[in-house]
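Peer 1: This structure is in structure tokens; I'll ask about it shortly.
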Amino acid sequence: MPDSTPVRVVRELARRGYNAERDAVTLIADSPDPDAAVERVVDDAGDDALTLTAADVRDALGDGPRTSARSADAASTDGGATARAPETGGDADDAARRGSTREPAANDDERGGASDANALDTPARGGTTRNGDHADPMDQVDATGRADATSTGRDGRSPTPPEVAGDVTGHSTGAGEYGDFVTVFRDRYERLSKKLRGRVNHRPTEALDAMPDGSDAAIVGMVNDVRSTASGHWLVELEDTNGTFPALIMKDRDWADVVDELLLDEVIAIEGTLADDGGILFADSVHFPDVPRTYRPSTADRHVQAALVSDVHVGSQEFAGDRWDAFADWLHAPEADAVEYLLIGGDMVEGVGVYPDQDEELDIVDVYEQYRAFSERLKDVPGDMEIIMIPGNHDAVRLAEPQPGFDENLRDIMSAHDARIVGNPATVTVEGVDVLMYHGVSLDEVIAEHGDESVSYDAPHNAMAQLLKKRHVAPQYGGRMRVAPEEKDYLVIDDIPDVFHTGHVHKLGIGAYHNVTLINSGSWQEQTAFQQSVNIDPDVGTAPILDLDTLDVTVRKF
């Protein structure tokens with residue numbers, strides 16, 4: 001094995017279920033026979049070992065307290081920081097995941113693994129260029145097995161580390177007082193009204209009262225009430241920071257069905273004519289903040305893919321573990337070499353007490369044990385994949401949105417793969433592509449309130465389009481939705497995403513709205529008794545694969 005082999009050492013140790021300190025990796029790589037060194041270190045490791053230290057390596061190799069020059073350099077540059085090996089796990093059993101050795105499976109070569117005989121001489125995942133020539137993995141991956149921001153990708157270009165925006169984690173300030181709610185709704189109104197004021201000749205509610213009867217007028221406001229009149233027309237009451245004002249939508253207008261789309265608390269604009277006796281605005285048109293039809297999304301400048309999944313529900317008796325295993329195996333296959341990112345849209349576990357009689361359908365009754373089981377499943381994902389995940393309504397975080405990422409206890413439990421955990425919602429920029437990740441509880445509200453049959457659980461992407469149109473992931477307060485009062489409204493869609501990814505409803509939905517790609521990724525849980533009672537037939541074992549360079553979507557079924 002050549003000198004530039006630490007990453008291969010990391011991958012082989014990870015394949016056997018171990019993390020390793022940077023100095024430990026360097027000592028193995030600097031040994032005369034790294035293959036044999038790996039075998040000796042693994043053989044000497046205890047059954048409960050998780051992270052191999054430099055001392056473990058020295059003891060196994062009989063080197064005493066000696067530290068190599070390269071190891072000393074690493075310690076001086078990073079302060080002795082521990083390098084976490086990527087967890088691949090593959091088809092390892094529980095013992096292997098906890099640190100014992102295992103024999104390679106017969107299909108390791110097909111899954112991207114390697115036999116013991118040539119494990120360290122086989123290029124690791126990501127070590128092949130697009131033209132088939134082998135590239136040195138050290139040009140692409142650092143000693144942790146992750147792509148370095150300054151390294152080159154498989155096609156020779158420099159990958160961009162994911163960035164996160166709109167994450168409430170660590171910034172939650174609301175105490176639940178009345179003033180906090182006023183602050184968050186005022187912020188919502190101000191930000192969304194700015195998107196509408198340039199399109200209509202807006203007047204505050206108090207100014208409308210002073211305008212001459214019969215004048216053309218427009219108002220930007222938050223929907224305070226929608227009700228039908230005795231004649232079958234629709235009265236929509238809008239509220240701004242000064243007061244309220246009613247607008248009448250006549251039932252015979254060819255666009256009157258827009259009322260079916262309205263949700264309380266969303267911000268819209270209505271243009272029309274003031275009544276002769278004042279006091280009401282006869283509506284001629286309704287405007288939403290919306291996404292411009294001319295929007296053009298960004299794409300990656302190299303061929304790279306992301307797998308988008310959600311609603312894993314580990315801990316449920318209906319968790320489709322065999323399907324998840326098939327998905328994890330596929331991620332190791334050459335066919336999935338371009339899949340470098342895994343975005344998980346919430347509900348990693350089934351949780352406890354989420355719906356009536358849930359305890360009768362639990363396979364794991366302790367929520368912390370559920371997360372430990374999920375972490376074990378996560379180890380089966382290739383160690384060099386970047387994983388980003390948000391919580392959902394079944395996860396052990398507050399139900400009110402925005403939801404902060406998991407607390408430190410849960411992060412420690414799920415630390416094996418070094419996944420990046422952010423809040424719900426959050427916008428993740430991957431290879432220059434903005435992906436708005438939102439678990440999707442508000443989709444229940446949109447589907448229930450919308451009058452068009454096309455907006456349904458069987459077509460969740462149509463409900464997602466409604467949220468983009470309103471430029472808010474959870475417009476309606478109350479009902480199924482719980483909103484946490486913060487210093488600002490984290491649920492407003494300020495910047496238009498290139499991709500909108502949700503879950504929650506356990507149905508697969510792929511579509512587009514004004515050139516924004518819409519993906520609801522299905523689930524990994526078979527139908528529960530509760531889902532059966534509400535007539536939801538879930539799409540199970542589906543993994544949409546997004547081409548970040550074209551935004552094309554291919555659905556893999558496992």
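Residue numbers start at 1 in each chain; chains themselves are named A, B, ... in the order of the structure tokens; ligands are numbered from 1 in the order shown.
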Please identify all polymer residues within 10 Å of A:Lys469, counting only C-alpha atoms, omitting same-chain residues fewer than 2 positions from it, and present them as an MDAnalysis selection string.

Peer 2: chainID A and resid 261 287:292 463:467 471:473 493 513:514

Peer 1: Determine which residues of stretch 168-347 of chain A DSSP labels as strand (DSSP E or B) from the backbone of this structure, then write them out as a PyMOL selection string.

Peer 2: chain A and resi 202+216-228+234-239+244-249+267-274+281-287+305-309+314+316+319+339-344

Peer 1: Counting only C-alpha atoms, figure out which residue out of A:Ser193, A:Trp324, A:Ile447, A:Pro161 gets nearest to A:Arg420.

Peer 2: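 Result for the nearest residue to A:Arg420: A:Pro161.
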
Peer 1: Could you list, as a tab-separated table (two decimals) with N, CA and C atoms, in the first residue's frame, every residue within 8 Å of A:Met385, counting only C-alpha atoms and ignoring same-chain residues fewer than 4 positions away?

Peer 2:
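Now in around.tsv:
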chain	number	residue	atom	x	y	z
A	146	ARG	N	-14.53	11.93	4.82
A	146	ARG	CA	-15.47	12.90	4.25
A	146	ARG	C	-14.76	13.77	3.22
A	339	VAL	N	-24.38	9.02	-5.74
A	339	VAL	CA	-25.21	9.45	-4.61
A	339	VAL	C	-24.28	9.80	-3.44
A	340	GLU	N	-24.03	11.07	-3.25
A	340	GLU	CA	-23.10	11.52	-2.22
A	340	GLU	C	-23.79	12.15	-1.02
A	341	TYR	N	-25.10	12.36	-1.12
A	341	TYR	CA	-25.84	13.03	-0.05
A	341	TYR	C	-27.11	12.24	0.28
A	342	LEU	N	-27.43	12.19	1.55
A	342	LEU	CA	-28.67	11.60	2.02
A	342	LEU	C	-29.39	12.63	2.88
A	381	VAL	N	-25.40	2.91	6.01
A	381	VAL	CA	-25.21	3.85	4.91
A	381	VAL	C	-23.71	4.04	4.69

Peer 1: Between A:Asp329, A:Lys195, A:Arg398, A:Pro475, which residue has the minimum interatomic distance to A:Asn224, considering only C-alpha atoms?

Peer 2: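 Ranked by minimum distance to A:Asn224, first place goes to A:Pro475.
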
Peer 1: Just checking: using only C-alpha atoms, which residue out of A:Val516, A:Ala416, A:Leu308, A:Leu262 ends up closest to A:Gly541?

Peer 2: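 Between A:Val516, A:Ala416, A:Leu308, A:Leu262, the residue approaching A:Gly541 most closely is A:Leu308.
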
Peer 1: For A:Asp322, which residue among A:Glu386, A:Gly232, A:Thr517, A:Arg377 is the nearest when counting only C-alpha atoms?

Peer 2: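 Answer, going by the shortest atom-to-atom distance: A:Arg377.
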
Peer 1: Fewer than 4 positions away in the same chain doesn't count, so skip those; otherwise give me all residues within 10 Å of A:Tyr477, counting only C-alpha atoms, as a list of chain:residue names.

Peer 2: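 My list of contacting residues is A:Phe185, A:Leu263, A:Leu264, A:Asp265, A:Glu266, A:Ser442, A:Glu445, A:Met481, A:Arg482, A:Val483, A:Ala484.
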
Peer 1: Residues within 12 Å of A:Gly198, please, as a ChimeraX atom specification. Count only C-alpha atoms; anything in the same chain fewer than 6 positions from it doesn't count.

Peer 2: /A:192,218-220,269,287,289

Peer 1: Just to be explicit: take each residue in the selection above, keep C-alpha atoms, and write the result as an mmCIF file, in the first residue's frame.

Peer 2:
data_model
loop_
_atom_site.group_PDB
_atom_site.id
_atom_site.type_symbol
_atom_site.label_atom_id
_atom_site.label_comp_id
_atom_site.auth_asym_id
_atom_site.auth_seq_id
_atom_site.Cartn_x
_atom_site.Cartn_y
_atom_site.Cartn_z
ATOM 1 C CA LEU A 192 -44.801 38.691 3.108
ATOM 2 C CA ALA A 218 -56.104 47.459 -2.879
ATOM 3 C CA ILE A 219 -55.211 46.032 0.480
ATOM 4 C CA VAL A 220 -52.481 43.697 1.651
ATOM 5 C CA ALA A 269 -53.501 41.096 -1.554
ATOM 6 C CA HIS A 287 -52.780 37.934 -5.327
ATOM 7 C CA PRO A 289 -46.851 36.161 -2.556
#

Peer 1: Do you have the atom CA of A:Asp301-atom CA of A:Asp549 distance handy?

Peer 2: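 We find that atom CA of A:Asp301 and atom CA of A:Asp549 lie 6.1 Å from each other.
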
Peer 1: What's the 7 Å shell around A:Val312, counting only C-alpha atoms, without same-chain residues fewer than 6 positions away, as a list in words?

Peer 2: Asp347, Met348, Val349, Ser523, Trp524 and Gln525 of chain A

Peer 1: To test your reading of the structure, identify every residue in stretch 251-424 of chain A that backbone DSSP assigns to alpha helix (DSSP H), and report it as a ChimeraX atom specification.

Peer 2: /A:321-332,367-378,408-413

Peer 1: If you keep C-alpha atoms, can you produce a file of those selected residues as a PDB file, in the first residue's frame?

Peer 2:
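New file again20.pdb:
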ATOM      1  CA  GLY A 321     -36.448  -2.956   8.043  1.00  0.00           C
ATOM      2  CA  ASP A 322     -35.881  -5.310   5.129  1.00  0.00           C
ATOM      3  CA  ARG A 323     -36.617  -2.500   2.677  1.00  0.00           C
ATOM      4  CA  TRP A 324     -34.237  -0.160   4.481  1.00  0.00           C
ATOM      5  CA  ASP A 325     -31.539  -2.856   4.351  1.00  0.00           C
ATOM      6  CA  ALA A 326     -32.076  -3.203   0.601  1.00  0.00           C
ATOM      7  CA  PHE A 327     -31.779   0.577   0.238  1.00  0.00           C
ATOM      8  CA  ALA A 328     -28.561   0.660   2.269  1.00  0.00           C
ATOM      9  CA  ASP A 329     -27.127  -2.207   0.213  1.00  0.00           C
ATOM     10  CA  TRP A 330     -27.980  -0.363  -3.005  1.00  0.00           C
ATOM     11  CA  LEU A 331     -26.139   2.734  -1.777  1.00  0.00           C
ATOM     12  CA  HIS A 332     -22.969   0.614  -1.693  1.00  0.00           C
ATOM     13  CA  VAL A 367     -37.784   6.341  22.731  1.00  0.00           C
ATOM     14  CA  TYR A 368     -34.051   6.439  23.460  1.00  0.00           C
ATOM     15  CA  GLU A 369     -33.752   2.799  22.453  1.00  0.00           C
ATOM     16  CA  GLN A 370     -35.614   3.696  19.265  1.00  0.00           C
ATOM     17  CA  TYR A 371     -32.926   6.257  18.443  1.00  0.00           C
ATOM     18  CA  ARG A 372     -30.182   3.759  19.230  1.00  0.00           C
ATOM     19  CA  ALA A 373     -31.807   1.323  16.821  1.00  0.00           C
ATOM     20  CA  PHE A 374     -32.086   4.051  14.200  1.00  0.00           C
ATOM     21  CA  SER A 375     -28.408   4.880  14.672  1.00  0.00           C
ATOM     22  CA  GLU A 376     -27.554   1.248  14.005  1.00  0.00           C
ATOM     23  CA  ARG A 377     -29.528   1.412  10.765  1.00  0.00           C
ATOM     24  CA  LEU A 378     -27.736   4.608   9.837  1.00  0.00           C
ATOM     25  CA  GLU A 408     -27.305  16.753  22.943  1.00  0.00           C
ATOM     26  CA  ASN A 409     -28.411  13.405  24.382  1.00  0.00           C
ATOM     27  CA  LEU A 410     -30.020  12.356  21.104  1.00  0.00           C
ATOM     28  CA  ARG A 411     -27.164  13.802  19.067  1.00  0.00           C
ATOM     29  CA  ASP A 412     -24.742  11.657  21.069  1.00  0.00           C
ATOM     30  CA  ILE A 413     -26.854   8.578  20.404  1.00  0.00           C
TER      31      ILE A 413
END

Peer 1: Would you mind listing what lies within 8 Å of A:Phe530 as a list in words, with only C-alpha atoms counted and same-chain residues fewer than 3 positions away left out?

Peer 2: Tyr355, Pro356, Ser533 and Val534 of chain A

Peer 1: Atom CA of A:Val428 and atom CA of A:Ala175 are how many Å apart?

Peer 2: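 Straight-line distance from atom CA of A:Val428 to atom CA of A:Ala175 works out to 27.5 Å.
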